[in-house]
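Have a look at start_16.pdb; it's PDB, C-alpha atoms:
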```
ATOM      1  CA  MET A   1     135.556  43.650  56.969
ATOM      2  CA  GLN A   2     133.884  43.559  60.393
ATOM      3  CA  ALA A   3     135.552  40.240  61.222
ATOM      4  CA  ARG A   4     138.960  41.684  60.374
ATOM      5  CA  GLY A   5     138.377  44.391  62.967
ATOM      6  CA  TRP A   6     138.466  42.036  65.931
ATOM      7  CA  ARG A   7     140.692  39.324  64.492
ATOM      8  CA  ALA A   8     143.926  41.325  64.808
ATOM      9  CA  PRO A   9     143.411  42.274  68.490
ATOM     10  CA  LEU A  10     142.448  38.678  69.228
ATOM     11  CA  LYS A  11     145.667  37.461  67.623
ATOM     12  CA  ASP A  12     147.616  40.003  69.662
ATOM     13  CA  LEU A  13     145.921  38.828  72.868
ATOM     14  CA  VAL A  14     146.759  35.199  72.063
ATOM     15  CA  ALA A  15     150.379  36.205  71.407
ATOM     16  CA  ALA A  16     150.396  38.154  74.696
ATOM     17  CA  LEU A  17     149.023  35.142  76.573
ATOM     18  CA  PHE A  18     151.713  32.961  75.020
ATOM     19  CA  LEU A  19     154.418  35.454  76.034
ATOM     20  CA  LEU A  20     153.003  35.584  79.569
ATOM     21  CA  LEU A  21     153.168  31.794  79.789
ATOM     22  CA  VAL A  22     156.740  31.809  78.465
ATOM     23  CA  SER A  23     157.612  34.415  81.120
ATOM     24  CA  MET A  24     156.139  32.181  83.820
ATOM     25  CA  GLY A  25     158.231  29.286  82.501
ATOM     26  CA  VAL A  26     161.442  31.311  82.442
ATOM     27  CA  GLY A  27     160.706  32.718  85.908
ATOM     28  CA  THR A  28     159.997  29.242  87.266
ATOM     29  CA  VAL A  29     163.415  28.024  86.100
ATOM     30  CA  GLY A  30     165.131  31.174  87.415
ATOM     31  CA  GLN A  31     163.520  30.948  90.869
ATOM     32  CA  TRP A  32     163.625  27.164  91.187
ATOM     33  CA  PRO A  33     164.417  27.100  94.965
ATOM     34  CA  LEU A  34     161.291  29.201  95.607
ATOM     35  CA  ILE A  35     159.172  26.821  93.511
ATOM     36  CA  VAL A  36     160.587  23.770  95.327
ATOM     37  CA  ALA A  37     159.856  25.345  98.722
ATOM     38  CA  ALA A  38     156.268  26.042  97.649
ATOM     39  CA  TRP A  39     155.915  22.492  96.282
ATOM     40  CA  ARG A  40     157.021  21.133  99.677
ATOM     41  CA  GLY A  41     154.514  23.365 101.469
ATOM     42  CA  GLN A  42     157.283  25.484 103.025
ATOM     43  CA  LEU A  43     156.807  28.747 101.138
ATOM     44  CA  THR A  44     155.915  30.844 104.199
ATOM     45  CA  GLU A  45     158.952  29.584 106.106
ATOM     46  CA  ALA A  46     161.221  30.112 103.085
ATOM     47  CA  LEU A  47     159.957  33.683 102.632
ATOM     48  CA  ALA A  48     160.417  34.462 106.336
ATOM     49  CA  ALA A  49     163.977  33.076 106.258
ATOM     50  CA  ALA A  50     164.800  35.082 103.112
ATOM     51  CA  ARG A  51     163.360  38.248 104.673
ATOM     52  CA  LEU A  52     165.343  37.740 107.860
ATOM     53  CA  ALA A  53     168.575  37.122 105.945
ATOM     54  CA  ARG A  54     168.050  40.280 103.878
ATOM     55  CA  ARG A  55     167.262  42.377 106.947
ATOM     56  CA  LEU A  56     170.306  41.140 108.839
ATOM     57  CA  GLN A  57     172.452  42.043 105.860
ATOM     58  CA  GLU A  58     170.776  45.357 105.025
ATOM     59  CA  PHE A  59     170.199  46.745 108.529
ATOM     60  CA  GLN A  60     173.312  45.752 110.414
ATOM     61  CA  GLY A  61     173.553  46.988 113.989
ATOM     62  CA  ILE A  62     169.812  47.071 114.565
ATOM     63  CA  GLN A  63     168.662  44.336 116.912
ATOM     64  CA  LEU A  64     165.480  42.507 115.899
ATOM     65  CA  VAL A  65     163.167  41.678 118.810
ATOM     66  CA  THR A  66     160.194  39.356 119.138
ATOM     67  CA  LEU A  67     156.729  40.237 120.431
ATOM     68  CA  ALA A  68     157.501  38.907 123.925
ATOM     69  CA  GLU A  69     160.792  40.821 124.055
ATOM     70  CA  ALA A  70     159.101  44.002 122.845
ATOM     71  CA  TYR A  71     156.431  43.656 125.532
ATOM     72  CA  ALA A  72     159.042  43.080 128.253
ATOM     73  CA  LEU A  73     161.017  46.117 127.103
ATOM     74  CA  TRP A  74     157.885  48.274 127.065
ATOM     75  CA  GLN A  75     156.949  47.061 130.559
ATOM     76  CA  SER A  76     160.431  47.891 131.868
ATOM     77  CA  GLY A  77     159.834  51.550 131.034
ATOM     78  CA  GLN A  78     163.493  52.007 130.102
ATOM     79  CA  VAL A  79     162.918  52.160 126.384
ATOM     80  CA  LEU A  80     161.611  54.945 124.172
ATOM     81  CA  VAL A  81     159.076  53.364 121.850
ATOM     82  CA  ILE A  82     158.904  54.932 118.383
ATOM     83  CA  ASP A  83     156.018  54.386 115.966
ATOM     84  CA  ALA A  84     157.207  54.664 112.346
ATOM     85  CA  ARG A  85     153.728  54.455 110.791
ATOM     86  CA  PRO A  86     151.861  57.311 109.057
ATOM     87  CA  ALA A  87     150.276  59.812 111.470
ATOM     88  CA  PRO A  88     146.622  58.756 110.841
ATOM     89  CA  ASP A  89     147.446  55.137 111.759
ATOM     90  CA  TYR A  90     149.222  56.333 114.901
ATOM     91  CA  ARG A  91     146.306  58.571 115.909
ATOM     92  CA  GLU A  92     143.897  55.665 115.502
ATOM     93  CA  LEU A  93     145.813  53.269 117.761
ATOM     94  CA  HIS A  94     149.383  52.862 118.982
ATOM     95  CA  ILE A  95     151.475  51.322 121.739
ATOM     96  CA  PRO A  96     150.993  53.453 124.896
ATOM     97  CA  GLY A  97     153.799  55.976 125.340
ATOM     98  CA  ALA A  98     155.037  55.622 121.778
ATOM     99  CA  VAL A  99     156.266  58.686 119.906
ATOM    100  CA  ASN A 100     155.209  59.001 116.260
ATOM    101  CA  LEU A 101     157.925  59.604 113.665
ATOM    102  CA  PRO A 102     156.078  59.113 110.350
ATOM    103  CA  PRO A 103     158.035  58.781 107.077
ATOM    104  CA  GLU A 104     157.384  62.404 106.057
ATOM    105  CA  VAL A 105     159.478  63.714 108.993
ATOM    106  CA  TRP A 106     162.435  61.393 108.373
ATOM    107  CA  PRO A 107     164.366  63.855 106.175
ATOM    108  CA  GLN A 108     164.283  66.401 109.066
ATOM    109  CA  LEU A 109     164.969  63.983 111.954
ATOM    110  CA  ALA A 110     168.112  65.851 113.035
ATOM    111  CA  GLU A 111     166.090  69.022 113.581
ATOM    112  CA  LEU A 112     163.501  67.453 115.890
ATOM    113  CA  PRO A 113     163.889  68.843 119.449
ATOM    114  CA  LEU A 114     163.031  65.427 120.926
ATOM    115  CA  LEU A 115     165.939  63.742 119.185
ATOM    116  CA  GLN A 116     168.330  66.650 119.710
ATOM    117  CA  THR A 117     167.977  66.405 123.493
ATOM    118  CA  LEU A 118     167.843  62.617 123.772
ATOM    119  CA  PRO A 119     171.036  60.887 125.072
ATOM    120  CA  ARG A 120     172.660  58.873 122.272
ATOM    121  CA  GLN A 121     172.765  55.772 124.536
ATOM    122  CA  GLN A 122     168.977  55.811 125.043
ATOM    123  CA  LEU A 123     167.345  52.457 124.255
ATOM    124  CA  LEU A 124     165.039  52.912 121.265
ATOM    125  CA  LEU A 125     162.374  50.416 120.198
ATOM    126  CA  VAL A 126     161.019  51.112 116.713
ATOM    127  CA  TYR A 127     157.984  49.467 115.125
ATOM    128  CA  CYS A 128     155.813  49.861 112.025
ATOM    129  CA  SER A 129     152.569  48.259 110.886
ATOM    130  CA  GLN A 130     153.302  44.546 110.392
ATOM    131  CA  GLU A 131     155.883  41.839 109.754
ATOM    132  CA  ALA A 132     156.367  42.605 106.066
ATOM    133  CA  CYS A 133     157.021  46.330 106.455
ATOM    134  CA  ASP A 134     160.575  47.643 106.584
ATOM    135  CA  ASP A 135     159.771  51.156 107.790
ATOM    136  CA  ALA A 136     160.848  50.478 111.383
ATOM    137  CA  LEU A 137     164.226  49.267 110.132
ATOM    138  CA  LYS A 138     164.607  52.155 107.703
ATOM    139  CA  LEU A 139     163.889  54.609 110.509
ATOM    140  CA  GLY A 140     166.278  52.683 112.760
ATOM    141  CA  ARG A 141     169.023  53.140 110.164
ATOM    142  CA  ARG A 142     168.387  56.894 110.066
ATOM    143  CA  LEU A 143     168.534  57.035 113.860
ATOM    144  CA  GLN A 144     171.828  55.118 113.722
ATOM    145  CA  ALA A 145     173.155  57.767 111.376
ATOM    146  CA  LEU A 146     172.237  60.409 113.985
ATOM    147  CA  GLY A 147     174.447  58.647 116.511
ATOM    148  CA  PHE A 148     171.966  56.526 118.477
ATOM    149  CA  SER A 149     173.687  53.290 119.459
ATOM    150  CA  SER A 150     170.978  51.108 121.035
ATOM    151  CA  ILE A 151     168.277  50.619 118.465
ATOM    152  CA  MET A 152     165.903  47.687 118.421
ATOM    153  CA  ALA A 153     163.218  46.941 115.878
ATOM    154  CA  PHE A 154     160.047  45.051 116.737
ATOM    155  CA  THR A 155     159.409  43.499 113.329
ATOM    156  CA  GLY A 156     156.039  41.975 114.195
ATOM    157  CA  GLY A 157     154.732  45.534 114.204
ATOM    158  CA  PHE A 158     151.567  47.001 115.637
ATOM    159  CA  ARG A 159     149.437  44.256 114.082
ATOM    160  CA  ALA A 160     151.154  41.550 116.180
ATOM    161  CA  TRP A 161     150.979  43.728 119.320
ATOM    162  CA  ASP A 162     147.275  44.384 118.858
ATOM    163  CA  ALA A 163     146.530  40.741 118.003
ATOM    164  CA  ALA A 164     148.234  39.651 121.239
ATOM    165  CA  GLY A 165     145.800  41.798 123.200
ATOM    166  CA  TYR A 166     148.490  44.042 124.672
ATOM    167  CA  PRO A 167     147.533  47.567 125.794
ATOM    168  CA  VAL A 168     146.954  50.180 123.113
ATOM    169  CA  ASP A 169     146.345  53.900 123.198
ATOM    170  CA  THR A 170     144.554  56.313 120.890
ATOM    171  CA  GLY A 171     144.943  59.990 119.963
ATOM    172  CA  LEU A 172     148.144  62.022 120.133
TER     173      LEU A 172
ATOM    174  CA  MET B   1     143.348  73.805  48.958
ATOM    175  CA  PRO B   2     146.746  75.030  50.027
ATOM    176  CA  GLY B   3     145.280  76.442  53.255
ATOM    177  CA  THR B   4     144.554  72.957  54.665
ATOM    178  CA  GLN B   5     148.067  71.557  54.191
ATOM    179  CA  PRO B   6     149.678  72.797  57.466
ATOM    180  CA  ALA B   7     146.852  71.350  59.583
ATOM    181  CA  ILE B   8     147.257  67.938  57.977
ATOM    182  CA  ARG B   9     150.986  67.998  58.676
ATOM    183  CA  TRP B  10     150.307  68.256  62.395
ATOM    184  CA  ILE B  11     148.624  64.838  62.520
ATOM    185  CA  PRO B  12     151.859  62.772  62.337
ATOM    186  CA  VAL B  13     153.503  65.142  64.812
ATOM    187  CA  PHE B  14     150.665  64.586  67.285
ATOM    188  CA  LYS B  15     150.819  60.835  66.642
ATOM    189  CA  HIS B  16     154.531  60.719  67.468
ATOM    190  CA  LEU B  17     154.061  62.910  70.522
ATOM    191  CA  GLN B  18     151.364  60.559  71.782
ATOM    192  CA  GLN B  19     153.404  57.470  70.968
ATOM    193  CA  TRP B  20     156.549  58.776  72.678
ATOM    194  CA  GLY B  21     154.940  60.838  75.416
ATOM    195  CA  LEU B  22     152.772  57.954  76.580
ATOM    196  CA  GLY B  23     154.640  54.913  75.257
ATOM    197  CA  LEU B  24     158.054  55.667  76.748
ATOM    198  CA  PRO B  25     156.755  56.293  80.304
ATOM    199  CA  LEU B  26     154.612  53.159  80.066
ATOM    200  CA  ALA B  27     157.609  51.074  78.959
ATOM    201  CA  GLY B  28     159.677  52.706  81.715
ATOM    202  CA  ILE B  29     157.126  51.879  84.400
ATOM    203  CA  PHE B  30     157.081  48.202  83.418
ATOM    204  CA  LEU B  31     160.862  47.996  83.164
ATOM    205  CA  ILE B  32     161.358  49.654  86.567
ATOM    206  CA  THR B  33     158.713  47.606  88.382
ATOM    207  CA  GLY B  34     159.883  44.351  86.769
ATOM    208  CA  TRP B  35     163.503  45.044  87.633
ATOM    209  CA  GLY B  36     162.640  45.924  91.223
ATOM    210  CA  LYS B  37     160.696  42.694  91.691
ATOM    211  CA  ILE B  38     163.403  40.519  90.139
ATOM    212  CA  GLY B  39     165.828  42.010  92.653
ATOM    213  CA  ALA B  40     163.609  41.036  95.601
ATOM    214  CA  PRO B  41     161.857  37.736  94.718
ATOM    215  CA  ALA B  42     161.042  36.772  98.316
ATOM    216  CA  GLU B  43     159.469  40.164  99.070
ATOM    217  CA  PHE B  44     157.391  40.018  95.906
ATOM    218  CA  ALA B  45     156.299  36.444  96.666
ATOM    219  CA  ALA B  46     155.234  37.594 100.152
ATOM    220  CA  ALA B  47     153.241  40.431  98.563
ATOM    221  CA  VAL B  48     151.489  37.972  96.195
ATOM    222  CA  GLN B  49     150.838  35.591  99.080
ATOM    223  CA  ALA B  50     149.254  38.392 101.132
ATOM    224  CA  TYR B  51     146.402  38.617  98.582
ATOM    225  CA  GLN B  52     145.318  35.110  99.702
ATOM    226  CA  LEU B  53     144.003  34.275  96.243
ATOM    227  CA  LEU B  54     146.321  31.493  95.102
ATOM    228  CA  PRO B  55     147.733  28.258  96.522
ATOM    229  CA  ASP B  56     151.404  28.531  97.511
ATOM    230  CA  LEU B  57     152.721  26.775  94.401
ATOM    231  CA  LEU B  58     150.946  29.261  92.114
ATOM    232  CA  VAL B  59     152.069  32.137  94.359
ATOM    233  CA  ALA B  60     155.653  31.044  93.699
ATOM    234  CA  VAL B  61     155.087  30.636  89.942
ATOM    235  CA  VAL B  62     153.414  34.064  89.632
ATOM    236  CA  ALA B  63     156.059  35.715  91.816
ATOM    237  CA  ALA B  64     158.783  34.152  89.674
ATOM    238  CA  GLY B  65     157.173  34.818  86.287
ATOM    239  CA  LEU B  66     155.420  38.164  86.593
ATOM    240  CA  PRO B  67     158.610  40.242  86.870
ATOM    241  CA  ILE B  68     159.900  38.544  83.689
ATOM    242  CA  ALA B  69     156.583  39.339  81.958
ATOM    243  CA  GLU B  70     156.832  42.979  83.043
ATOM    244  CA  LEU B  71     160.406  43.259  81.814
ATOM    245  CA  LEU B  72     159.514  41.554  78.539
ATOM    246  CA  ALA B  73     156.506  43.821  77.943
ATOM    247  CA  GLY B  74     158.447  46.985  78.824
ATOM    248  CA  GLY B  75     161.435  45.861  76.773
ATOM    249  CA  LEU B  76     159.359  44.975  73.705
ATOM    250  CA  LEU B  77     157.535  48.313  73.849
ATOM    251  CA  LEU B  78     160.783  50.238  74.226
ATOM    252  CA  ALA B  79     162.422  48.286  71.380
ATOM    253  CA  GLY B  80     159.382  48.861  69.169
ATOM    254  CA  LEU B  81     159.434  52.596  69.843
ATOM    255  CA  LEU B  82     163.186  52.912  69.310
ATOM    256  CA  ALA B  83     163.123  50.843  66.119
ATOM    257  CA  ALA B  84     160.464  53.125  64.664
ATOM    258  CA  TRP B  85     162.657  56.112  65.433
ATOM    259  CA  LEU B  86     165.864  54.775  63.891
ATOM    260  CA  PRO B  87     165.962  55.986  60.285
ATOM    261  CA  GLY B  88     166.542  53.692  57.346
ATOM    262  CA  LEU B  89     166.031  50.391  59.163
ATOM    263  CA  PRO B  90     163.713  47.900  57.425
ATOM    264  CA  VAL B  91     162.061  46.940  60.690
ATOM    265  CA  THR B  92     158.823  48.908  60.563
ATOM    266  CA  ALA B  93     156.525  45.873  60.497
ATOM    267  CA  ALA B  94     158.502  44.051  63.201
ATOM    268  CA  ALA B  95     158.591  47.181  65.354
ATOM    269  CA  MET B  96     154.837  47.561  65.049
ATOM    270  CA  LEU B  97     154.345  43.910  66.010
ATOM    271  CA  CYS B  98     156.643  44.399  69.019
ATOM    272  CA  ARG B  99     154.606  47.381  70.172
ATOM    273  CA  ARG B 100     151.263  45.641  69.655
ATOM    274  CA  TRP B 101     152.293  42.482  71.503
ATOM    275  CA  ALA B 102     153.840  44.522  74.294
ATOM    276  CA  LEU B 103     150.687  46.623  74.649
ATOM    277  CA  ALA B 104     148.502  43.489  74.612
ATOM    278  CA  MET B 105     150.700  41.967  77.355
ATOM    279  CA  ILE B 106     150.524  45.156  79.412
ATOM    280  CA  PHE B 107     146.751  45.377  78.907
ATOM    281  CA  LEU B 108     146.259  41.772  80.072
ATOM    282  CA  GLN B 109     148.403  42.270  83.169
ATOM    283  CA  LEU B 110     146.664  45.522  84.101
ATOM    284  CA  VAL B 111     143.161  44.083  83.660
ATOM    285  CA  ILE B 112     144.010  40.999  85.730
ATOM    286  CA  PHE B 113     145.518  43.241  88.411
ATOM    287  CA  LEU B 114     142.420  45.458  88.388
ATOM    288  CA  VAL B 115     140.223  42.413  89.067
ATOM    289  CA  VAL B 116     142.591  41.327  91.858
ATOM    290  CA  LEU B 117     142.477  44.814  93.419
ATOM    291  CA  VAL B 118     138.670  44.984  93.344
ATOM    292  CA  VAL B 119     138.285  41.470  94.776
ATOM    293  CA  THR B 120     140.804  42.281  97.524
ATOM    294  CA  MET B 121     138.992  45.509  98.431
ATOM    295  CA  ALA B 122     135.666  43.664  98.488
ATOM    296  CA  ARG B 123     137.174  41.155 100.917
ATOM    297  CA  GLY B 124     138.314  44.005 103.154
ATOM    298  CA  LEU B 125     141.999  43.040 103.141
ATOM    299  CA  GLU B 126     144.322  45.918 104.022
ATOM    300  CA  ILE B 127     147.592  44.854 102.441
ATOM    301  CA  ALA B 128     150.435  46.449 100.501
ATOM    302  CA  CYS B 129     149.600  46.377  96.792
ATOM    303  CA  GLY B 130     153.051  45.041  95.803
ATOM    304  CA  CYS B 131     152.861  47.225  92.719
ATOM    305  CA  GLY B 132     156.605  47.754  92.817
ATOM    306  CA  LEU B 133     156.677  51.434  91.943
ATOM    307  CA  LEU B 134     158.891  53.887  93.785
ATOM    308  CA  ARG B 135     156.452  54.327  96.671
ATOM    309  CA  GLU B 136     154.638  51.388  98.299
ATOM    310  CA  ARG B 137     150.864  51.734  98.557
ATOM    311  CA  THR B 138     148.043  49.895 100.270
ATOM    312  CA  VAL B 139     145.341  48.238  98.150
ATOM    313  CA  GLY B 140     142.606  50.850  97.731
ATOM    314  CA  TRP B 141     141.006  53.351  95.391
ATOM    315  CA  GLY B 142     144.352  55.038  94.727
ATOM    316  CA  ALA B 143     145.830  51.833  93.309
ATOM    317  CA  VAL B 144     142.615  51.203  91.321
ATOM    318  CA  ALA B 145     142.730  54.730  89.840
ATOM    319  CA  GLU B 146     146.392  54.282  88.924
ATOM    320  CA  ASP B 147     145.612  50.981  87.231
ATOM    321  CA  LEU B 148     142.679  52.493  85.306
ATOM    322  CA  VAL B 149     144.847  55.359  84.038
ATOM    323  CA  LEU B 150     147.452  52.876  82.805
ATOM    324  CA  ILE B 151     144.737  50.780  81.123
ATOM    325  CA  ALA B 152     143.415  53.908  79.370
ATOM    326  CA  VAL B 153     146.924  54.849  78.177
ATOM    327  CA  THR B 154     147.545  51.309  76.932
ATOM    328  CA  TRP B 155     144.213  51.251  75.110
ATOM    329  CA  LEU B 156     144.930  54.622  73.491
ATOM    330  CA  LEU B 157     148.328  53.465  72.266
ATOM    331  CA  TYR B 158     146.945  50.165  71.005
ATOM    332  CA  ARG B 159     144.173  51.943  69.066
ATOM    333  CA  GLN B 160     146.810  54.129  67.466
ATOM    334  CA  GLU B 161     148.803  51.049  66.449
ATOM    335  CA  GLN B 162     145.665  49.501  64.986
ATOM    336  CA  GLN B 163     144.888  52.600  62.930
ATOM    337  CA  GLU B 164     148.464  52.710  61.692
ATOM    338  CA  GLY B 165     148.285  49.044  60.762
ATOM    339  CA  ARG B 166     145.169  49.604  58.635
ATOM    340  CA  ARG B 167     146.778  52.444  56.709
ATOM    341  CA  PRO B 168     147.821  51.310  53.203
TER     342      PRO B 168
END
```

Can I see the file as structure tokens?
Amino acid sequence: MQARGWRAPLKDLVAALFLLLVSMGVGTVGQWPLIVAAWRGQLTEALAAARLARRLQEFQGIQLVTLAEAYALWQSGQVLVIDARPAPDYRELHIPGAVNLPPEVWPQLAELPLLQTLPRQQLLLVYCSQEACDDALKLGRRLQALGFSSIMAFTGGFRAWDAAGYPVDTGL
Amino acid sequence: MPGTQPAIRWIPVFKHLQQWGLGLPLAGIFLITGWGKIGAPAEFAAAVQAYQLLPDLLVAVVAAGLPIAELLAGGLLLAGLLAAWLPGLPVTAAAMLCRRWALAMIFLQLVIFLVVLVVTMARGLEIACGCGLLRERTVGWGAVAEDLVLIAVTWLLYRQEQQEGRRP
């Protein structure tokens, strides 16, 4: 009687393991190009290319800039740098001169005095935390909808800026 | 004892409430997260890669297979719940098996993910959890708590299935 108590869950776990393995097999066939890229040791490059292709398609009209380009733009002083990360991250460290527009204020962007008075041709450079995050691009799209025409997104994000040893600022 | 009859009648009602109230959201969560990941395979693979736990080939296999496993588990659970609800269908035993296998699959995935979360936190990696729910979160105690709640719900539902299975 005692043995019967654990035998059924064990059978269910074995069945679940089998179904998981079947899922892996089906997924492997369905995503064959991804598997081949990984087999050839090119997974990182394949993922970066796929991400870039998706971003170009999804966020049309927003120019993607590299770390060096972002630094040159910041040095020129002609660009308004916008930090799209949550407020605590911004307070901890950010690019000097950057304005924080965290995700919670995005629904009310049109009501922000800063954006109401800013010329629509103003160069805007938006960034978020790191390469994989899309928040800078999502914010860029919202700014586009408000009429801003020169939006650039630094997709390397604050992590790449900080890692390069470029200046950073703290506080508000 | 006619006075005890109404109380006994509440037991199946509570059982169904628990099964539907917990089972349907659980199935929904797995269907939604699985579907979201299937729609963005490269993003999910990047999220798996960020954990730095697997070689690239296994990252690709897990990223390709896990969304299918989530859809299968959510789908089986949903089918098992719906089949039990449809009157007059001779599928009770099959429906119960569907639910049990789905819950076992969900339990396995959640426990493995819990281990991955704890190991990642111990290594001090601050990365997106890649959980695939509506809001993206960083690996941390919030994701661990969420995972533990889902494990508890799964365990509760599985225990209920076990008790039902033992009933003559």

Near Tyr158 (chain B), within 8 Å and counting all atoms listed in the file, which residues show up once chain neighbours fewer than 2 positions away are dropped, as a PDB file with C-alpha atoms, keeping the file's coordinate frame?
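Below you can see part.pdb, which holds the result:
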```pdb
ATOM      1  CA  ARG B 100     151.263  45.641  69.655  1.00  0.00           C
ATOM      2  CA  LEU B 103     150.687  46.623  74.649  1.00  0.00           C
ATOM      3  CA  ALA B 104     148.502  43.489  74.612  1.00  0.00           C
ATOM      4  CA  THR B 154     147.545  51.309  76.932  1.00  0.00           C
ATOM      5  CA  TRP B 155     144.213  51.251  75.110  1.00  0.00           C
ATOM      6  CA  LEU B 156     144.930  54.622  73.491  1.00  0.00           C
ATOM      7  CA  GLN B 160     146.810  54.129  67.466  1.00  0.00           C
ATOM      8  CA  GLU B 161     148.803  51.049  66.449  1.00  0.00           C
ATOM      9  CA  GLN B 162     145.665  49.501  64.986  1.00  0.00           C
TER      10      GLN B 162
END
```

Query - Reference answer for the PyMOL selection byres ((chain B and resi 45) around 10), as a list in words - result: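 This file, filtered by the PyMOL selection byres ((chain B and resi 45) around 10), leaves Leu34, Leu43, Thr44 and Leu47 of chain A; Lys37, Ala40, Pro41, Ala42, Glu43, Phe44, Ala46, Ala47, Val48, Gln49, Ala50, Asp56, Val59, Ala60, Val61, Val62, Ala63, Ala64 and Gly130 of chain B.
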
**Report entry** the PyMOL selection byres ((chain A and resi 83) around 10) resolved against shown file, as a PyMOL selection string
**Finding:** chain A and resi 80-82+84-87+89-90+94-95+97-102+125-129+135-136+139+157-158

Query raised in the report: Hey, what comes out of the PyMOL selection byres ((chain B and resi 110-123) around 9) on this file? Could you write it as a ChimeraX atom specification?
Result: /B:51-53,105-109,124-127,129,139-141,143-144,147-148,150-151

Query raised in the report: Quick one: which residues from chain A are at most 10 Å off chain B, using only C-alpha atoms, as a PyMOL selection string?
Result: chain A and resi 5+8-44+46-51+54+130+132-133

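As for CA of Pro88 (chain A) and CA of Asp169 (chain A), they are spaced 13.3 Å apart.
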